[in-house]
Each structure stands twice: as C-alpha cells, then as structure tokens.
>>> print(open('my_file07.txt').read())   # compact mmCIF, C-alpha atoms
# COMPACT_ATOMS: atom_id res chain seq x y z
CA MET A 1 13.55 2.08 -7.01
CA ARG A 2 14.85 -1.44 -6.60
CA LEU A 3 12.80 -4.32 -7.96
CA LEU A 4 12.81 -8.02 -7.30
CA LYS A 5 13.53 -9.94 -10.48
CA LEU A 6 11.96 -13.36 -10.89
CA ARG A 7 14.47 -15.70 -12.51
CA ASP A 8 13.54 -18.64 -14.73
CA ASP A 9 14.37 -21.07 -11.92
CA GLY A 10 11.91 -19.33 -9.59
CA THR A 11 14.48 -17.60 -7.40
CA LEU A 12 14.53 -13.85 -6.77
CA SER A 13 17.26 -11.24 -6.91
CA LEU A 14 17.30 -7.47 -6.39
CA THR A 15 18.01 -5.13 -9.27
CA ASN A 16 20.19 -2.07 -8.94
CA ASP A 17 18.48 1.17 -7.95
CA LEU A 18 16.53 2.08 -11.11
CA SER A 19 15.56 5.61 -12.14
CA ASP A 20 15.05 5.27 -15.90
CA ASP A 21 13.66 2.57 -18.16
CA ILE A 22 11.82 0.88 -15.30
CA PRO A 23 10.21 -2.36 -16.56
CA GLN A 24 6.59 -3.28 -15.91
CA TYR A 25 6.20 -4.64 -12.42
CA ALA A 26 3.68 -6.01 -9.94
CA ILE A 27 3.44 -4.47 -6.48
CA LEU A 28 2.27 -6.01 -3.21
CA SER A 29 -0.10 -4.44 -0.69
CA HIS A 30 -0.34 -6.20 2.67
CA THR A 31 -0.26 -5.71 6.43
CA TRP A 32 2.97 -6.19 8.31
CA GLY A 33 3.41 -8.75 11.02
CA SER A 34 6.12 -8.32 13.65
CA ASP A 35 9.43 -7.07 12.28
CA GLU A 36 10.99 -10.46 12.99
CA GLU A 37 8.43 -12.16 10.71
CA GLU A 38 9.09 -10.04 7.63
CA VAL A 39 11.69 -10.74 4.93
CA THR A 40 14.11 -7.81 4.80
CA PHE A 41 16.45 -6.24 2.27
CA ASN A 42 19.37 -8.02 3.95
CA ASP A 43 17.53 -11.35 3.80
CA ILE A 44 17.22 -11.03 0.02
CA MET A 45 20.84 -9.94 -0.37
CA LYS A 46 22.07 -12.89 1.71
CA VAL A 47 19.51 -15.34 0.25
CA THR A 48 18.02 -16.01 3.65
CA GLY A 49 14.60 -15.47 5.23
CA GLN A 50 12.79 -18.42 3.65
CA HIS A 51 11.92 -19.65 7.16
CA LYS A 52 10.14 -16.43 8.07
CA LYS A 53 6.36 -16.22 8.12
CA GLY A 54 6.41 -13.26 5.74
CA TYR A 55 8.11 -15.29 3.02
CA ARG A 56 4.71 -16.74 2.14
CA LYS A 57 3.61 -13.32 0.87
CA ILE A 58 6.67 -13.10 -1.35
CA GLN A 59 5.96 -16.56 -2.75
CA PHE A 60 2.35 -15.57 -3.43
CA CYS A 61 3.37 -12.33 -5.18
CA SER A 62 6.00 -14.12 -7.29
CA LYS A 63 3.54 -16.81 -8.38
CA GLN A 64 0.81 -14.32 -9.26
CA ALA A 65 3.23 -12.08 -11.16
CA ALA A 66 4.42 -15.07 -13.18
CA LEU A 67 0.79 -15.91 -14.05
CA ASP A 68 0.39 -12.31 -15.23
CA LYS A 69 3.63 -12.60 -17.23
CA LEU A 70 5.42 -10.02 -15.12
CA GLN A 71 9.07 -10.67 -14.28
CA TYR A 72 9.55 -7.87 -11.75
CA LEU A 73 7.96 -7.15 -8.36
CA TRP A 74 8.14 -4.50 -5.67
CA ILE A 75 7.52 -5.39 -2.02
CA ASP A 76 8.09 -2.80 0.69
CA THR A 77 9.50 -5.18 3.29
CA CYS A 78 12.53 -6.16 1.21
CA CYS A 79 13.01 -3.70 -1.67
CA ILE A 80 14.07 -0.79 0.57
CA ASP A 81 17.30 -0.68 2.52
CA LYS A 82 15.75 0.82 5.65
CA SER A 83 19.15 1.25 7.29
CA ASN A 84 19.82 3.98 4.70
CA ASN A 85 17.84 7.02 5.86
CA ALA A 86 18.15 8.83 2.53
CA GLU A 87 16.86 5.80 0.65
CA LEU A 88 13.98 5.32 3.08
CA SER A 89 12.96 8.99 2.79
CA GLU A 90 13.07 8.85 -1.02
CA ALA A 91 11.01 5.66 -1.04
CA ILE A 92 8.28 7.03 1.23
CA ASN A 93 8.08 10.24 -0.78
CA SER A 94 7.88 8.23 -4.03
CA MET A 95 5.64 5.39 -2.88
CA PHE A 96 2.32 6.77 -4.11
CA ARG A 97 3.81 7.12 -7.60
CA TRP A 98 5.30 3.62 -7.45
CA TYR A 99 1.89 2.15 -6.68
CA GLN A 100 0.30 4.36 -9.32
CA ASN A 101 2.73 3.16 -12.00
CA ALA A 102 2.47 -0.56 -11.19
CA ALA A 103 1.02 -2.84 -13.86
CA LYS A 104 -0.74 -4.85 -11.13
CA CYS A 105 -1.29 -4.33 -7.42
CA TYR A 106 -1.99 -7.50 -5.44
CA VAL A 107 -3.67 -7.11 -2.05
CA PHE A 108 -2.80 -10.09 0.14
CA LEU A 109 -5.31 -10.41 2.98
CA SER A 110 -3.78 -12.65 5.62
CA ASP A 111 -6.94 -12.58 7.75
CA VAL A 112 -9.45 -13.45 5.00
CA SER A 113 -10.13 -17.03 3.92
CA LYS A 114 -12.27 -17.99 0.95
CA SER A 115 -11.68 -21.73 0.70
CA SER A 116 -13.56 -22.67 3.88
CA THR A 117 -16.91 -21.60 2.44
CA ALA A 118 -16.30 -21.48 -1.29
CA GLN A 119 -18.14 -24.75 -1.95
CA ILE A 120 -20.99 -24.23 0.52
CA GLU A 121 -24.39 -23.20 -0.78
CA GLY A 122 -26.53 -20.70 1.07
CA PRO A 123 -25.72 -17.79 3.39
CA LEU A 124 -22.30 -19.08 4.42
CA ARG A 125 -20.99 -18.37 0.93
CA SER A 126 -20.73 -14.71 1.93
CA THR A 127 -18.55 -15.39 4.99
CA TRP A 128 -15.42 -14.17 3.21
CA LYS A 129 -17.15 -10.85 2.53
CA LYS A 130 -17.74 -10.45 6.26
CA GLU A 131 -14.08 -11.24 6.87
CA LEU A 132 -13.14 -8.73 4.18
CA ARG A 133 -15.13 -6.00 5.92
CA GLU A 134 -13.31 -6.77 9.17
CA SER A 135 -9.86 -7.15 7.64
CA ARG A 136 -6.96 -5.38 9.33
CA TRP A 137 -5.94 -4.13 5.88
CA PHE A 138 -8.63 -1.44 6.04
CA THR A 139 -7.32 -0.14 9.37
CA ARG A 140 -3.74 0.61 8.35
CA GLY A 141 -2.47 4.02 7.26
CA TRP A 142 -0.25 2.96 4.37
CA THR A 143 -2.91 0.86 2.62
CA LEU A 144 -5.04 3.94 1.90
CA GLN A 145 -2.74 5.07 -0.90
CA GLU A 146 -2.29 1.45 -1.97
CA LEU A 147 -6.03 1.25 -2.65
CA ILE A 148 -6.34 4.61 -4.39
CA ALA A 149 -3.14 4.99 -6.43
CA PRO A 150 -3.04 1.89 -8.71
CA SER A 151 -5.51 1.48 -11.56
CA SER A 152 -5.41 -2.31 -11.21
CA VAL A 153 -5.96 -3.59 -7.66
CA GLU A 154 -6.76 -7.27 -7.12
CA PHE A 155 -7.73 -8.79 -3.77
CA PHE A 156 -6.62 -12.25 -2.67
CA ALA A 157 -7.46 -14.41 0.35
CA SER A 158 -4.77 -15.90 2.57
CA ASP A 159 -4.76 -19.10 0.52
CA GLY A 160 -4.14 -17.16 -2.70
CA GLN A 161 -7.68 -17.37 -4.06
CA ARG A 162 -8.78 -14.28 -5.94
CA LEU A 163 -11.72 -12.45 -4.35
CA GLY A 164 -12.18 -9.76 -6.99
CA ASP A 165 -10.72 -6.44 -8.04
CA LYS A 166 -11.27 -2.78 -7.31
CA ARG A 167 -14.00 -2.54 -9.93
CA SER A 168 -15.94 -5.72 -9.09
CA LEU A 169 -15.77 -5.00 -5.34
CA GLU A 170 -16.42 -1.29 -5.77
CA PRO A 171 -19.70 -1.01 -3.78
CA LEU A 172 -18.22 -3.02 -0.90
CA LEU A 173 -14.99 -1.01 -0.87
CA HIS A 174 -16.94 2.26 -0.87
CA ASP A 175 -19.07 1.02 2.02
CA ILE A 176 -16.05 -0.08 4.07
CA THR A 177 -13.81 2.94 3.47
CA GLY A 178 -16.22 5.80 2.83
CA ILE A 179 -14.18 6.77 -0.24
CA PRO A 180 -16.47 7.99 -3.06
CA VAL A 181 -16.79 5.63 -6.00
CA CYS A 182 -15.24 8.24 -8.31
CA GLY A 183 -12.21 8.32 -5.99
CA LEU A 184 -11.85 4.56 -6.32
CA GLN A 185 -12.18 4.90 -10.08
CA GLY A 186 -9.25 7.28 -10.41
CA SER A 187 -10.70 10.79 -10.30
CA PRO A 188 -7.97 13.37 -9.57
CA LEU A 189 -7.46 13.68 -5.84
CA SER A 190 -7.49 17.45 -6.19
CA ASP A 191 -11.23 17.08 -6.90
CA PHE A 192 -11.69 16.23 -3.20
CA SER A 193 -11.33 18.71 -0.37
CA ILE A 194 -8.53 18.45 2.14
CA ASP A 195 -11.14 17.75 4.78
CA GLU A 196 -12.60 14.84 2.80
CA ARG A 197 -9.24 13.27 2.06
CA MET A 198 -8.23 13.57 5.70
CA SER A 199 -11.45 11.80 6.71
CA TRP A 200 -10.44 8.73 4.70
CA SER A 201 -7.55 8.14 7.11
CA LYS A 202 -9.42 8.96 10.31
CA HIS A 203 -9.70 5.40 11.63
CA ARG A 204 -6.38 4.13 10.28
CA GLY A 205 -3.22 3.62 12.29
CA THR A 206 0.51 3.08 11.79
CA LYS A 207 3.22 1.41 13.85
CA LYS A 208 5.22 4.65 14.12
CA LYS A 209 3.23 7.72 15.12
CA GLU A 210 4.89 9.94 12.52
CA ASP A 211 3.90 7.57 9.73
CA LYS A 212 0.25 8.54 10.17
CA ALA A 213 1.25 11.86 8.57
CA TYR A 214 3.93 10.49 6.23
CA SER A 215 1.52 7.93 4.76
CA LEU A 216 -0.60 10.84 3.43
CA LEU A 217 2.13 12.53 1.39
CA GLY A 218 0.92 11.02 -1.88
CA ILE A 219 -2.74 11.64 -1.06
CA PHE A 220 -1.96 15.37 -0.93
CA ASP A 221 0.77 15.32 -3.61
CA VAL A 222 3.41 16.83 -1.33
CA HIS A 223 6.97 15.90 -0.41
CA MET A 224 8.89 16.46 2.79
CA PRO A 225 11.83 14.97 4.71
CA LEU A 226 11.16 12.34 7.37
CA ILE A 227 12.07 13.12 10.97
CA TYR A 228 11.35 10.05 13.06
CA GLY A 229 11.18 11.04 16.68
CA GLU A 230 9.41 14.35 16.04
CA GLY A 231 6.06 12.86 17.07
CA GLU A 232 2.67 12.80 15.36
CA GLU A 233 1.72 16.41 16.13
CA LYS A 234 4.87 17.93 14.63
CA ALA A 235 4.71 15.60 11.64
CA PHE A 236 1.15 16.74 10.91
CA SER A 237 2.15 20.37 11.44
CA ARG A 238 4.82 20.04 8.75
CA LEU A 239 2.37 18.20 6.51
CA ARG A 240 -0.09 21.10 6.89
CA ARG A 241 2.57 23.60 5.89
CA GLU A 242 3.43 21.59 2.78
CA ILE A 243 -0.24 21.30 1.83
CA ASP A 244 -0.59 25.08 2.28
CA LEU A 245 2.34 25.68 -0.04
CA GLN A 246 0.95 23.23 -2.59
CA SER A 247 -2.55 24.72 -2.51
CA GLY A 248 -1.53 28.36 -2.20
CA VAL A 249 -3.30 28.79 1.14
CA SER A 250 -1.80 31.05 3.82
CA GLY A 251 -2.61 31.78 7.43
CA LYS A 252 -3.42 29.53 10.36
CA GLU A 253 -6.94 28.44 9.51
CA PRO A 254 -7.58 24.81 10.60
CA LEU A 255 -6.56 22.32 7.95
CA VAL A 256 -9.92 20.56 7.77
CA SER A 257 -11.77 23.71 6.68
CA ARG A 258 -9.69 24.37 3.61
CA GLN A 259 -10.40 23.35 0.04
CA ILE A 260 -7.80 22.76 -2.67
>>> encode(input="my_file07.txt", output="structure tokens")
Amino acid sequence: MRLLKLRDDGTLSLTNDLSDDIPQYAILSHTWGSDEEEVTFNDIMKVTGQHKKGYRKIQFCSKQAALDKLQYLWIDTCCIDKSNNAELSEAINSMFRWYQNAAKCYVFLSDVSKSSTAQIEGPLRSTWKKELRESRWFTRGWTLQELIAPSSVEFFASDGQRLGDKRSLEPLLHDITGIPVCGLQGSPLSDFSIDERMSWSKHRGTKKKEDKAYSLLGIFDVHMPLIYGEGEEKAFSRLRREIDLQSGVSGKEPLVSRQI
C-alpha cells in the first residue's frame, strides 16, 4: 500500500508501495463527490489538485492525523493508481485489512453540520443527530466495511468538529445500520450468518454496479479478481462461489439461506 506522508512543513508526498514495516497510519472514510471534484493519484504526484473541492477532506485528515501524532495517512481517492488495473484489484482485495490495521479511522461527513446548533439550548441541539441519521455515508456500499473493520472509528462534521466515536455513538449506529452491537464492537464476522451480513448492505449502493459485490469481499473474507463490465449479477455469482469455497458449502442452494 502507498501512504501519504505528512512533512514538517505541512505538505504531503506519496511513499513507495509498502509491503513490510508499514508505519502507523490514519485512514479516511468519506463519500465521493463527482470524479472531477476528487484529488487523484496524479494530482498528488504532480502537486496539483488544491483547487478541487475534495482537497478539503485531505486537509481535514492531515490536520487530524497531526493532532493524533500520526505522520502517515491513507485516502482512497489519491493513494491508489487507478489506471493500473493490477494495483486497483490488489487494493480492493486488501482494503478491509487496511482499514482494520489503521491506528485511526476518521469519518468525514460532508452533509452533517454541528456548529449551527452546537451553542443552542433545547431540542435543536440534537439537529446534527438527525442529519447523521440521514447522512449519505450510511447509504454507500464501501462505507460498510469502513465502519466494521477498524477498532477506532471517529465521526466528524463537515466543519471538522468531532461528533463522537464508534463506542459513544454505538446505540445510534446500531439503530441506523441494523448491525448488532457486538458486530460494531469487533466480534468475528464469521459469528454472523451469510444472510445477516448480506442484509447489512441491502440498502447501500455504489457508483459502479459491480462494486456492490466487490465492496463485500472483506465482509466475507474472500478474494477474487475484478472484472468491470461483467455486471452486478455476474459479480455476485462469482462472490457466491468464493463464499462457498471459503465456507465449504457446495450445491446451488440460495446464498441467503446458508450459514458459515
């Protein structure tokens, strides 16, 4: 994996592709805007992209990592060379583990604001919780593993104010996602049936149809090559076969009825 390194002068550079001796790092969880808004791998390499809307998320992550005394970060928009199909496939197959191994995971909620009601007494103080419930972050396929995998997940409003973490917001997160509290607390995913884990992603979507299946690779602890263009149905068919191999199940029984 490549990491962004935060230099003493506040600028960022990409490390080489690391496989051993990976330093502690912070990792960002967020929702993508349009592709044109996001800072890419090439932007970082060419020291451009500061004008893009997505650069604000990188600034936020860098600042928060520095406060937590972490010099390295991983952000999906710019730490993967997506023009390299082999690198992209390796990253998607490794992503659950990368989130799991992060020292800190910062959830940046671009559609949640705390400052507007933070100083107001009475019922309006809970407005940000209503916004949190309705956040787009809970509707995206990739953010499912980003909630479950890391042990430390902290939630931040669009202005950078901290809302809480996975433990302090546990009842609310359970209510929003339907994920059992023990699942949020790090119980082995093999403790949950295939049917139950599939249900967690039921109302989530992805930009590319195939990614709805690919985003579940870590949830089921399987690996498989990416074939963009195969469509959602074929992607899920391959995912089912990999889950069968992993769980030792044979035959053509519907996926949702099986238990690991």
>>> axis_aligned_box(input="my_file07.txt", around="segment 133-151 of chain A", padding_each_side="8 Å", output="JSON")
{"center_x": -7.7, "center_y": -1.0, "center_z": -1.1, "size_x": 30.9, "size_y": 28.2, "size_z": 36.9}
>>> residues_around(input="my_file07.txt", residues="Lys53 of chain A", least_positions_apart="4", cutoff="10 Å", atoms="all atoms listed in the file", output="PyMOL selection string")
chain A and resi 33-34+36-39+49+57-58
>>> atom_distance(input="my_file07.txt", atom1="atom CA of Lys46 of chain A", atom2="atom CA of Ser62 of chain A")
18.5 Å
>>> closest_residue(input="my_file07.txt", among="A:Arg241, A:Asp175, A:Met1, A:Lys129", to="Asp20 of chain A", atoms="all atoms listed in the file")
A:Met1
>>> residues_around(input="my_file07.txt", residues="Thr206 of chain A", least_positions_apart="3", cutoff="9 Å", atoms="only C-alpha atoms", output="PyMOL selection string")
chain A and resi 139-142+209-212+215
>>> write_last_selection(input="my_file07.txt", atoms="C-alpha atoms", output="PDB file, in the frame of the given file")
ATOM      1  CA  THR A 139      -7.320  -0.140   9.370  1.00  0.00           C
ATOM      2  CA  ARG A 140      -3.740   0.610   8.350  1.00  0.00           C
ATOM      3  CA  GLY A 141      -2.470   4.020   7.260  1.00  0.00           C
ATOM      4  CA  TRP A 142      -0.250   2.960   4.370  1.00  0.00           C
ATOM      5  CA  LYS A 209       3.230   7.720  15.120  1.00  0.00           C
ATOM      6  CA  GLU A 210       4.890   9.940  12.520  1.00  0.00           C
ATOM      7  CA  ASP A 211       3.900   7.570   9.730  1.00  0.00           C
ATOM      8  CA  LYS A 212       0.250   8.540  10.170  1.00  0.00           C
ATOM      9  CA  SER A 215       1.520   7.930   4.760  1.00  0.00           C
TER      10      SER A 215
END
>>> residues_around(input="my_file07.txt", residues="Phe60 of chain A", least_positions_apart="2", cutoff="12 Å", atoms="all atoms listed in the file", output="PyMOL selection string")
chain A and resi 10+26-30+54-58+62-67+73+75+106-110+156-162
>>> residues_near_point(input="my_file07.txt", point="(12.1, 16.9, 4.9)", cutoff="10 Å", atoms="only C-alpha atoms", output="list in words")
Ser89, Asn93, His223, Met224, Pro225, Leu226, Ile227, Arg238 and Leu239 of chain A
>>> closest_atom_pairs(input="my_file07.txt", of="segment 12-88 of chain A", to="segment 2-7 of chain A", cutoff="10 Å", atoms="only C-alpha atoms", output="CSV")
residue,atom,partner,partner_atom,distance
A:Leu12,CA,A:Leu6,CA,4.9
A:Ser13,CA,A:Lys5,CA,5.3
A:Leu14,CA,A:Leu4,CA,4.6
A:Thr15,CA,A:Leu3,CA,5.4
A:Asn16,CA,A:Arg2,CA,5.9
A:Asp17,CA,A:Arg2,CA,4.7
A:Leu18,CA,A:Arg2,CA,6.0
A:Ser19,CA,A:Arg2,CA,9.0
A:Ile22,CA,A:Leu3,CA,9.0
A:Pro23,CA,A:Leu3,CA,9.2
A:Tyr25,CA,A:Leu3,CA,8.0
A:Ala26,CA,A:Leu3,CA,9.5
A:Ile27,CA,A:Leu3,CA,9.5
A:Ile44,CA,A:Leu4,CA,9.1
A:Ile58,CA,A:Leu4,CA,9.9
A:Ser62,CA,A:Leu6,CA,7.0
A:Lys63,CA,A:Leu6,CA,9.4
A:Ala65,CA,A:Leu6,CA,8.8
A:Ala66,CA,A:Leu6,CA,8.1
A:Leu70,CA,A:Leu6,CA,8.5
A:Gln71,CA,A:Leu6,CA,5.2
A:Tyr72,CA,A:Lys5,CA,4.7
A:Leu73,CA,A:Leu4,CA,5.0
A:Trp74,CA,A:Leu3,CA,5.2
A:Ile75,CA,A:Leu4,CA,7.9
A:Asp76,CA,A:Leu3,CA,10.0
A:Cys78,CA,A:Leu4,CA,8.7
A:Cys79,CA,A:Arg2,CA,5.7
A:Ile80,CA,A:Arg2,CA,7.2
A:Asp81,CA,A:Arg2,CA,9.5
>>> residues_around(input="my_file07.txt", residues="Ser83 of chain A", least_positions_apart="6", cutoff="12 Å", atoms="all atoms listed in the file", output="PyMOL selection string")
chain A and resi 40-42+89
>>> residues_around(input="my_file07.txt", residues="Leu169 of chain A", least_positions_apart="3", cutoff="12 Å", atoms="all atoms listed in the file", output="list in words")
Lys129, Leu132, Arg133, Leu147, Val153, Glu154, Phe155, Phe156, Arg162, Leu163, Gly164, Asp165, Lys166, Leu172, Leu173, His174, Asp175, Ile176, Val181, Leu184 and Gln185 of chain A
>>> closest_residue(input="my_file07.txt", among="A:Phe236, A:Phe138, A:Tyr228, A:Trp98", to="Gly178 of chain A", atoms="only C-alpha atoms")
A:Phe138
